[in-house]
Structure formats: structure tokens, C-alpha cells
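Report on the structure given below.
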Amino acid sequence: MKLASLLNDDLIFFDLDGSSREEIYTNLVSKMGAVINLPLNTQQIVKGMMDREDSVQVPYEKGFAFPHLRHPE
């Protein structure tokens with residue numbers, strides 16, 4: 001998936017529900033899956049995003065987030 005394919009009004013979400021990063025990412029990926037065909041299941045994508053963020057120690061601040069992962073599929 002290329003960055004340009006993510007720059008789509010239908011893939012920009014505000015005020016996602018969740019009390020943890022995992023819940024928020026699960027809601028995000030579920031909403032994305034309703035718009036585009038995702039090659040992996042939601043749990044795999046969420047785990048991959050969290051693993052990547054943890055490995056590069058992404059700082060979390062209030063505001064905008066662009067969670068992502070790198071996967072051969």
C-alpha cells in the first residue's frame with residue numbers, strides 16, 4: 001500500500017473510541033477495512049503497528065497520529 005492510497009477523505013477518522021492504544025488502533029483498522037481491502041486481519045495489523053512503534057519508541061502527544069506498519073503483504 002502506498003502513502004498516496006491512504007490520503008483519502010474516507011480514511012481520515014476523528015475521535016476514535018477506545019481507552020488504550022490497542023482499542024483505538026483496532027477501531028481504526030476496522031473502519032479502514034470497511035473502506036479498503038486489507039491484506040491481513042485486524043489483530044495482525046494492530047499487533048504490527050504496536051510492535052513497530054514500540055521498537056522505534058514513538059513518542060505520544062495530544063493531536064494527530066499516523067500509525068503504520070511495514071509488512072510484505
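In the C-alpha cells, chains take letters A, B, ... by order of appearance, with residues numbered from 1 within each chain and ligands from 1 in the order shown.
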Quiz prompt | Residue list (helix (DSSP H, G or I), DSSP) for chain A, as a PyMOL selection string | solution = chain A and resi 3-6+9-11+21-33+42-56
Residues just named, written with N, CA and C atoms as an mmCIF file, in the first residue's frame:
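Output file selection02.cif follows:
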data_model
loop_
_atom_site.group_PDB
_atom_site.id
_atom_site.type_symbol
_atom_site.label_atom_id
_atom_site.label_comp_id
_atom_site.auth_asym_id
_atom_site.auth_seq_id
_atom_site.Cartn_x
_atom_site.Cartn_y
_atom_site.Cartn_z
ATOM 1 N N LEU A 3 1.527 5.449 0.314
ATOM 2 C CA LEU A 3 1.011 6.569 1.096
ATOM 3 C C LEU A 3 -0.114 7.293 0.361
ATOM 4 N N ALA A 4 0.035 7.455 -0.918
ATOM 5 C CA ALA A 4 -0.996 8.162 -1.696
ATOM 6 C C ALA A 4 -2.361 7.495 -1.579
ATOM 7 N N SER A 5 -2.383 6.172 -1.404
ATOM 8 C CA SER A 5 -3.667 5.483 -1.285
ATOM 9 C C SER A 5 -4.328 5.733 0.069
ATOM 10 N N LEU A 6 -3.547 6.182 1.048
ATOM 11 C CA LEU A 6 -4.105 6.484 2.362
ATOM 12 C C LEU A 6 -4.635 7.913 2.454
ATOM 13 N N ASP A 9 -10.165 11.018 1.901
ATOM 14 C CA ASP A 9 -11.078 11.547 2.929
ATOM 15 C C ASP A 9 -11.811 10.442 3.685
ATOM 16 N N ASP A 10 -12.066 9.328 3.019
ATOM 17 C CA ASP A 10 -12.774 8.224 3.661
ATOM 18 C C ASP A 10 -11.895 7.472 4.664
ATOM 19 N N LEU A 11 -10.596 7.783 4.686
ATOM 20 C CA LEU A 11 -9.672 7.105 5.590
ATOM 21 C C LEU A 11 -9.103 8.037 6.652
ATOM 22 N N ARG A 21 -4.283 2.180 23.515
ATOM 23 C CA ARG A 21 -3.760 2.249 22.148
ATOM 24 C C ARG A 21 -4.280 1.075 21.326
ATOM 25 N N GLU A 22 -4.323 -0.114 21.894
ATOM 26 C CA GLU A 22 -4.808 -1.288 21.173
ATOM 27 C C GLU A 22 -6.276 -1.136 20.767
ATOM 28 N N GLU A 23 -7.112 -0.640 21.666
ATOM 29 C CA GLU A 23 -8.531 -0.448 21.343
ATOM 30 C C GLU A 23 -8.703 0.605 20.253
ATOM 31 N N ILE A 24 -7.972 1.693 20.358
ATOM 32 C CA ILE A 24 -8.081 2.754 19.358
ATOM 33 C C ILE A 24 -7.617 2.246 18.000
ATOM 34 N N TYR A 25 -6.493 1.538 17.957
ATOM 35 C CA TYR A 25 -5.987 1.008 16.691
ATOM 36 C C TYR A 25 -6.927 -0.049 16.119
ATOM 37 N N THR A 26 -7.525 -0.849 16.972
ATOM 38 C CA THR A 26 -8.485 -1.846 16.496
ATOM 39 C C THR A 26 -9.680 -1.155 15.841
ATOM 40 N N ASN A 27 -10.183 -0.105 16.466
ATOM 41 C CA ASN A 27 -11.290 0.655 15.879
ATOM 42 C C ASN A 27 -10.866 1.313 14.572
ATOM 43 N N LEU A 28 -9.662 1.857 14.534
ATOM 44 C CA LEU A 28 -9.138 2.482 13.323
ATOM 45 C C LEU A 28 -9.057 1.487 12.173
ATOM 46 N N VAL A 29 -8.459 0.329 12.422
ATOM 47 C CA VAL A 29 -8.282 -0.686 11.379
ATOM 48 C C VAL A 29 -9.638 -1.239 10.931
ATOM 49 N N SER A 30 -10.556 -1.408 11.854
ATOM 50 C CA SER A 30 -11.896 -1.875 11.488
ATOM 51 C C SER A 30 -12.581 -0.888 10.556
ATOM 52 N N LYS A 31 -12.455 0.419 10.862
ATOM 53 C CA LYS A 31 -13.048 1.434 9.994
ATOM 54 C C LYS A 31 -12.361 1.458 8.637
ATOM 55 N N MET A 32 -11.047 1.287 8.626
ATOM 56 C CA MET A 32 -10.323 1.244 7.353
ATOM 57 C C MET A 32 -10.774 0.053 6.517
ATOM 58 N N GLY A 33 -10.971 -1.098 7.179
ATOM 59 C CA GLY A 33 -11.381 -2.310 6.480
ATOM 60 C C GLY A 33 -12.740 -2.185 5.817
ATOM 61 N N THR A 42 -7.405 -7.852 11.341
ATOM 62 C CA THR A 42 -7.277 -6.691 12.222
ATOM 63 C C THR A 42 -6.248 -6.916 13.316
ATOM 64 N N GLN A 43 -6.272 -8.073 13.959
ATOM 65 C CA GLN A 43 -5.326 -8.339 15.051
ATOM 66 C C GLN A 43 -3.874 -8.296 14.574
ATOM 67 N N GLN A 44 -3.607 -8.852 13.387
ATOM 68 C CA GLN A 44 -2.243 -8.832 12.855
ATOM 69 C C GLN A 44 -1.782 -7.409 12.576
ATOM 70 N N ILE A 45 -2.667 -6.609 12.017
ATOM 71 C CA ILE A 45 -2.311 -5.227 11.696
ATOM 72 C C ILE A 45 -2.048 -4.432 12.970
ATOM 73 N N VAL A 46 -2.930 -4.552 13.941
ATOM 74 C CA VAL A 46 -2.776 -3.818 15.204
ATOM 75 C C VAL A 46 -1.495 -4.244 15.912
ATOM 76 N N LYS A 47 -1.234 -5.531 15.969
ATOM 77 C CA LYS A 47 -0.005 -6.011 16.605
ATOM 78 C C LYS A 47 1.220 -5.472 15.874
ATOM 79 N N GLY A 48 1.192 -5.486 14.543
ATOM 80 C CA GLY A 48 2.313 -4.977 13.766
ATOM 81 C C GLY A 48 2.562 -3.491 13.998
ATOM 82 N N MET A 49 1.489 -2.713 14.065
ATOM 83 C CA MET A 49 1.641 -1.276 14.325
ATOM 84 C C MET A 49 2.238 -1.041 15.704
ATOM 85 N N MET A 50 1.730 -1.748 16.692
ATOM 86 C CA MET A 50 2.227 -1.558 18.058
ATOM 87 C C MET A 50 3.670 -2.035 18.195
ATOM 88 N N ASP A 51 4.002 -3.159 17.588
ATOM 89 C CA ASP A 51 5.379 -3.659 17.637
ATOM 90 C C ASP A 51 6.343 -2.662 17.002
ATOM 91 N N ARG A 52 5.947 -2.114 15.865
ATOM 92 C CA ARG A 52 6.812 -1.138 15.174
ATOM 93 C C ARG A 52 6.994 0.113 16.028
ATOM 94 N N GLU A 53 5.920 0.641 16.558
ATOM 95 C CA GLU A 53 6.025 1.831 17.399
ATOM 96 C C GLU A 53 6.889 1.577 18.625
ATOM 97 N N ASP A 54 6.707 0.420 19.239
ATOM 98 C CA ASP A 54 7.496 0.091 20.427
ATOM 99 C C ASP A 54 8.979 -0.048 20.087
ATOM 100 N N SER A 55 9.283 -0.601 18.920
ATOM 101 C CA SER A 55 10.683 -0.831 18.553
ATOM 102 C C SER A 55 11.419 0.474 18.241
ATOM 103 N N VAL A 56 10.706 1.466 17.722
ATOM 104 C CA VAL A 56 11.351 2.750 17.420
ATOM 105 C C VAL A 56 11.031 3.814 18.467
#
Quiz item: At what distance in Å, to one decimal, does atom CA of Gln57 of chain A lie from atom CA of Pro39 of chain A?
Solution: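 So the two atoms, atom CA of Pro39 of chain A and atom CA of Gln57 of chain A, lie 25.7 Å apart.
Counting from atom CA of Leu7 of chain A, the distance to atom CA of Tyr60 of chain A is 21.8 Å.
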